[in-house]
Amino acid sequence: MSHFRVPILILLFLSIMSAMTVHAASLDLKVDRVVVAPEQQQNIRVICDNMQGKDSCIGTLHVYVEHNLSSRIEVGKQKVNLEAGAKKTFQFAWQPEEDYWGCSVKAELVVSQASAVKSNRYDFVVTRNLVKASPAMGVSHSGGSLNTDQLDERASEFADGGIPLLEIFSWTPDLWEHINPRESSWKAGQGGFPESVKSISTLIERAHTRGMKVYSYAQNSFRGKIGEDWSQSNTEDLLFPDPEAKVIGRRSGDAFVAYSNPFNIKTLNRGLDEYAEALKRFEFDGIRWDGHPGIFYTPISDWISRCNGSTSSYPYNDKGQPLVPDDPDGTNAQLVRYTYDRIGKKLPKLKWGFNITMGPREIGGHNTRFPQMFRMLATGNMILHESHVHCGPDGRPYIASNQRWNTIQDDLAYSSELLHILGGYIYRGDVGIGRNEPFLKHLFSMYFASRTRVFGVNPWYGSIPDAGKFPLDYTRFALRYNKFLFHPSLNRINPQVPLQRISVSSNAPFPVRFESTCYDLFQDQKLYTVINLLNSPLTEQVNVFNTPEPKLAEKTVVNIRTPLGLDAKTARYYVLSPEWEQRAILVKPESPTHPVVSINVPSFKYWAMVICEYPVISENKDKASQNQSFLPVYD
């Protein structure tokens, strides 16, 4: 199967008939960046192609930027007169003035002779904070075996798939001691992949050209041959699972791994300084710790001992002394703060991310046990909840919390709500092993509908038979409508689940899920009620290989009671889904002024949304509120 190649959007070849002539013109749309910041220019090129035409094509080219649900900004208009066999390129530029979040640049060619329209679009995002606005983080293995063109293609695959955030992992010569490479090429300490200074620099440079941000994977351990040689003669730098320090490291196949002692200040500084130098050298935008720089996840257990095969309940230093502080939470928080300060002084604009479970206690969550550490990790940072959906030969996930769809949904609701309150940005992953399109689309739908972003999307995997790539239509949809999925002001104003003013009916085989995925958003002097509708999988047991395709959810009706204080006459209602060509459709209910409005939702298989847009009534003023508008009342 060929790789997913998207240096440009798919060409639209349409035959447009008029009474006398046939027009075969097509549009090809290219943009410079998948991410632009306010006041940064987005360059747009539209290629009008009449190479296959037999007659001239005369029309008008319109270029717009669309944002929110239906807002449209005109970028340019151009008369087009293409002789048969001709091709012309038109240049446009647009400079956003504010954070628009998800946008689409859309080109439309209105062919005069045929009264027909040809169109093409590209989804991108306008933001100063990509971590909160990106729907997904892509992951790239070491790229040392790829040439410059292949690295450029890899960056474009992510950008054109609506995945503007990238992590490069498994690239360091070893982890902790020699993070900053001394050679021009080497084998990565984790995995033994070929890598080079040129490949890392090229991939990051190409990603930056497209506006993407790039994170570096990080881990506080020794790995590889260099790490093994170092640990043999520097045992004071290590942690041990054995009080007699008999075990220096462990092997997984031919790979050596041992864990550093963060209480050895010389070792800690060496590793942090190495990371800082490497991050600056390669111009990484952020760092994502696999875990975090602390070690105590519980007072009697830690992730290091588990990595060492659970041979002890806590680690030892090289003197055989157990490392069990009186205040594990405070100690971890202190180590995290030290790491922030040590690297942050050299790279003050660095973005931070951590891999840590934050769900309920029964699935190993740490937020209830270590609140001080957890708040420090979560606030304003990317948190990767790395509950991989990896599985055995039977396709069933290893991790208990991923065994059943209901459990996944409950876990997502809990963890996303928690991170949302703390001002963190939750990414879940990874989904790279999915071999079944229904499985992936159910999973992506649940993630996005629960305000959770996806981690580990790799467009070139080609792992789905007959489909060949991840459902990138879902990530592009989530990038375009990210304001209504991830905005910090999405809130449960009424904490009851579901919202009391909403009910849903459908003739789907199983009830459509919506109870935990309904939110309100105050933005742009409007109240939006966002209702995510999820079609239930046919089997409750998760299987990444054999998930059956669901039956259509048909005749779905969403009943919504208008909040008191808002005018039903000015409300607008939209239905959205990545499964529909138009994606967002304005609908008009039969009784728009009735207290309860019924919205008919077109058929969908996995995920649809209903968004109610209520302008705040600015004419009604409260004299005691200093001219502030009334807010809606929820009962």
# chains A, B, ... in the order shown; residues from 1 in each chain; ligands from 1
>>> residues_around(residues="stretch 517-523 of chain A", least_positions_apart="3", cutoff="7 Å", atoms="only C-alpha atoms", output="VMD selection string")
chain A and resid 449 to 450 489 to 493 499 514 526 to 532
>>> write_last_selection(atoms="C-alpha atoms", output="PDB file, in the first residue's frame")
ATOM      1  CA  ALA A 449     -16.034  14.392  22.528  1.00  0.00           C
ATOM      2  CA  SER A 450     -14.544  14.156  26.053  1.00  0.00           C
ATOM      3  CA  SER A 489     -14.169  27.946  29.079  1.00  0.00           C
ATOM      4  CA  LEU A 490     -16.109  24.791  28.195  1.00  0.00           C
ATOM      5  CA  ASN A 491     -17.871  24.117  31.484  1.00  0.00           C
ATOM      6  CA  ARG A 492     -20.577  22.080  33.097  1.00  0.00           C
ATOM      7  CA  ILE A 493     -22.600  25.031  34.372  1.00  0.00           C
ATOM      8  CA  LEU A 499     -27.721  18.453  31.500  1.00  0.00           C
ATOM      9  CA  PHE A 514     -24.301  11.926  25.300  1.00  0.00           C
ATOM     10  CA  LYS A 526     -22.615  34.225  23.021  1.00  0.00           C
ATOM     11  CA  LEU A 527     -23.551  31.118  24.926  1.00  0.00           C
ATOM     12  CA  TYR A 528     -22.941  27.868  23.083  1.00  0.00           C
ATOM     13  CA  THR A 529     -24.402  24.594  24.268  1.00  0.00           C
ATOM     14  CA  VAL A 530     -22.256  21.789  22.833  1.00  0.00           C
ATOM     15  CA  ILE A 531     -23.779  18.301  22.671  1.00  0.00           C
ATOM     16  CA  ASN A 532     -21.588  15.430  21.495  1.00  0.00           C
TER      17      ASN A 532
END
>>> residues_around(residues="stretch 204-207 of chain A", least_positions_apart="3", cutoff="8 Å", atoms="only C-alpha atoms", output="list in words")
Leu151, Asp152, Ala155, Ser156, Ile200, Ser201, Arg210, Gly211, Met212, Lys213, Val214, Phe282, Glu283 and Phe284 of chain A
>>> atom_distance(atom1="atom CA of A:Gln40", atom2="atom CA of A:Ile383")
28.1 Å
>>> select_by_dssp(residues="stretch 363-585 of chain A", states="helix (DSSP H, G or I)", output="number ranges by chain")
A: 363, 371-378, 400-402, 405-422, 437-449, 459-461, 472-480, 483-486, 568-570
>>> closest_residue(among="A:Lys280, A:His178, A:Lys349, A:Arg513", to="A:His442", atoms="only C-alpha atoms")
A:Arg513
>>> atom_distance(atom1="atom CA of A:Trp405", atom2="atom CA of A:Asn543")
9.9 Å
>>> residues_around(residues="A:Trp94", least_positions_apart="2", cutoff="7 Å", atoms="only C-alpha atoms", output="number ranges by chain")
A: 41-43, 75, 92, 96
>>> write_last_selection(atoms="C-alpha atoms", output="PDB file, in the first residue's frame")
ATOM      1  CA  GLN A  41       0.874  36.104   7.572  1.00  0.00           C
ATOM      2  CA  GLN A  42      -0.649  33.027   5.982  1.00  0.00           C
ATOM      3  CA  ASN A  43       0.310  32.718   2.301  1.00  0.00           C
ATOM      4  CA  VAL A  75      -9.342  37.170   1.511  1.00  0.00           C
ATOM      5  CA  PHE A  92      -3.225  35.583  -1.753  1.00  0.00           C
ATOM      6  CA  PRO A  96      -5.279  37.192  11.348  1.00  0.00           C
TER       7      PRO A  96
END
>>> residues_around(residues="A:Glu581", least_positions_apart="5", cutoff="12 Å", atoms="only C-alpha atoms", output="mmCIF file with N, CA and C atoms, in the first residue's frame")
data_model
loop_
_atom_site.group_PDB
_atom_site.id
_atom_site.type_symbol
_atom_site.label_atom_id
_atom_site.label_comp_id
_atom_site.auth_asym_id
_atom_site.auth_seq_id
_atom_site.Cartn_x
_atom_site.Cartn_y
_atom_site.Cartn_z
ATOM 1 N N ASN A 120 -12.221 23.921 -2.913
ATOM 2 C CA ASN A 120 -11.196 23.162 -2.209
ATOM 3 C C ASN A 120 -10.927 23.888 -0.902
ATOM 4 N N ARG A 121 -10.435 23.183 0.136
ATOM 5 C CA ARG A 121 -10.215 23.829 1.422
ATOM 6 C C ARG A 121 -9.007 23.214 2.106
ATOM 7 N N ASP A 473 -9.527 12.400 8.597
ATOM 8 C CA ASP A 473 -10.672 13.287 8.463
ATOM 9 C C ASP A 473 -11.190 13.694 9.837
ATOM 10 N N PHE A 477 -11.178 17.544 11.208
ATOM 11 C CA PHE A 477 -12.438 18.072 11.738
ATOM 12 C C PHE A 477 -12.217 18.655 13.138
ATOM 13 N N LEU A 576 -23.068 18.897 13.258
ATOM 14 C CA LEU A 576 -21.724 18.734 12.702
ATOM 15 C C LEU A 576 -21.295 17.283 12.809
ATOM 16 N N PHE A 604 -25.562 9.122 11.229
ATOM 17 C CA PHE A 604 -24.108 9.062 11.427
ATOM 18 C C PHE A 604 -23.751 7.698 12.003
#
>>> residues_around(residues="stretch 98-112 of chain A", least_positions_apart="5", cutoff="8 Å", atoms="only C-alpha atoms", output="VMD selection string")
chain A and resid 27 29 37 to 39 46 57 to 68 117 to 128 133 479 to 483
>>> closest_residue(among="A:Asn458, A:Asp411, A:Ser199, A:Glu167", to="A:Thr148", atoms="only C-alpha atoms")
A:Ser199
>>> residues_around(residues="stretch 389-392 of chain A", least_positions_apart="3", cutoff="9 Å", atoms="only C-alpha atoms", output="list in words")
Glu386, Gly395, Arg396, Pro397, Tyr398, Ile399, Asn402, Gln403, Gly429, Asp430, Val431, Gly432, Ile433, Gly434, Asn543 and Val544 of chain A
>>> residues_around(residues="stretch 315-324 of chain A", least_positions_apart="6", cutoff="7 Å", atoms="only C-alpha atoms", output="PyMOL selection string")
chain A and resi 235-236+238-245+299+305
>>> closest_residue(among="A:Asn600, A:Gln582, A:Thr357, A:Ser415", to="A:Ser387", atoms="only C-alpha atoms")
A:Thr357
>>> closest_residue(among="A:Glu277, A:Glu195, A:Asp341, A:Asp524", to="A:Gly144", atoms="only C-alpha atoms")
A:Glu195
>>> closest_residue(among="A:Gln91, A:Pro509, A:Ala278, A:Leu69", to="A:Thr172", atoms="only C-alpha atoms")
A:Ala278
>>> closest_residue(among="A:Val131, A:Val542, A:Pro459, A:Tyr275", to="A:Trp352", atoms="only C-alpha atoms")
A:Val131
>>> atom_distance(atom1="atom CA of A:Phe256", atom2="atom CA of A:Gly227")
7.7 Å
>>> select_by_dssp(residues="stretch 201-419 of chain A", states="strand (DSSP E or B)", output="ChimeraX atom specification")
/A:213-218,221-223,238,240,250-252,255-260,286-289,296-298,301-302,316,322,351-355,382-385,391,397,404
>>> decode(residues="stretch 559-575 of chain A", atoms="N, CA and C atoms", output="tab-separated table (two decimals), in the first residue's frame")
chain	number	residue	atom	x	y	z
A	559	ASN	N	-33.60	17.08	21.86
A	559	ASN	CA	-34.55	18.05	22.41
A	559	ASN	C	-33.82	18.95	23.40
A	560	ILE	N	-33.91	20.26	23.19
A	560	ILE	CA	-33.15	21.22	23.99
A	560	ILE	C	-34.09	22.30	24.51
A	561	ARG	N	-34.07	22.47	25.80
A	561	ARG	CA	-34.84	23.56	26.41
A	561	ARG	C	-33.98	24.81	26.48
A	562	THR	N	-34.50	25.91	25.93
A	562	THR	CA	-33.76	27.17	25.91
A	562	THR	C	-33.57	27.70	27.33
A	563	PRO	N	-32.34	28.04	27.73
A	563	PRO	CA	-32.13	28.58	29.09
A	563	PRO	C	-32.90	29.88	29.29
A	564	LEU	N	-33.43	30.08	30.51
A	564	LEU	CA	-34.13	31.31	30.84
A	564	LEU	C	-33.19	32.50	30.69
A	565	GLY	N	-33.71	33.58	30.14
A	565	GLY	CA	-32.90	34.78	29.97
A	565	GLY	C	-32.34	34.91	28.57
A	566	LEU	N	-32.49	33.88	27.74
A	566	LEU	CA	-32.00	33.94	26.37
A	566	LEU	C	-33.18	33.89	25.41
A	567	ASP	N	-33.01	34.52	24.27
A	567	ASP	CA	-34.10	34.68	23.30
A	567	ASP	C	-34.05	33.55	22.28
A	568	ALA	N	-35.05	32.69	22.29
A	568	ALA	CA	-35.09	31.58	21.34
A	568	ALA	C	-35.20	32.07	19.91
A	569	LYS	N	-35.74	33.27	19.68
A	569	LYS	CA	-35.90	33.77	18.32
A	569	LYS	C	-34.55	34.03	17.64
A	570	THR	N	-33.55	34.38	18.41
A	570	THR	CA	-32.24	34.71	17.83
A	570	THR	C	-31.27	33.53	17.87
A	571	ALA	N	-31.71	32.42	18.43
A	571	ALA	CA	-30.82	31.24	18.52
A	571	ALA	C	-30.61	30.62	17.15
A	572	ARG	N	-29.44	30.01	16.98
A	572	ARG	CA	-29.12	29.27	15.76
A	572	ARG	C	-28.64	27.88	16.17
A	573	TYR	N	-28.96	26.91	15.33
A	573	TYR	CA	-28.66	25.52	15.67
A	573	TYR	C	-27.88	24.88	14.52
A	574	TYR	N	-26.81	24.17	14.89
A	574	TYR	CA	-25.94	23.53	13.90
A	574	TYR	C	-25.80	22.05	14.25
A	575	VAL	N	-25.70	21.24	13.22
A	575	VAL	CA	-25.30	19.84	13.39
A	575	VAL	C	-23.98	19.67	12.65
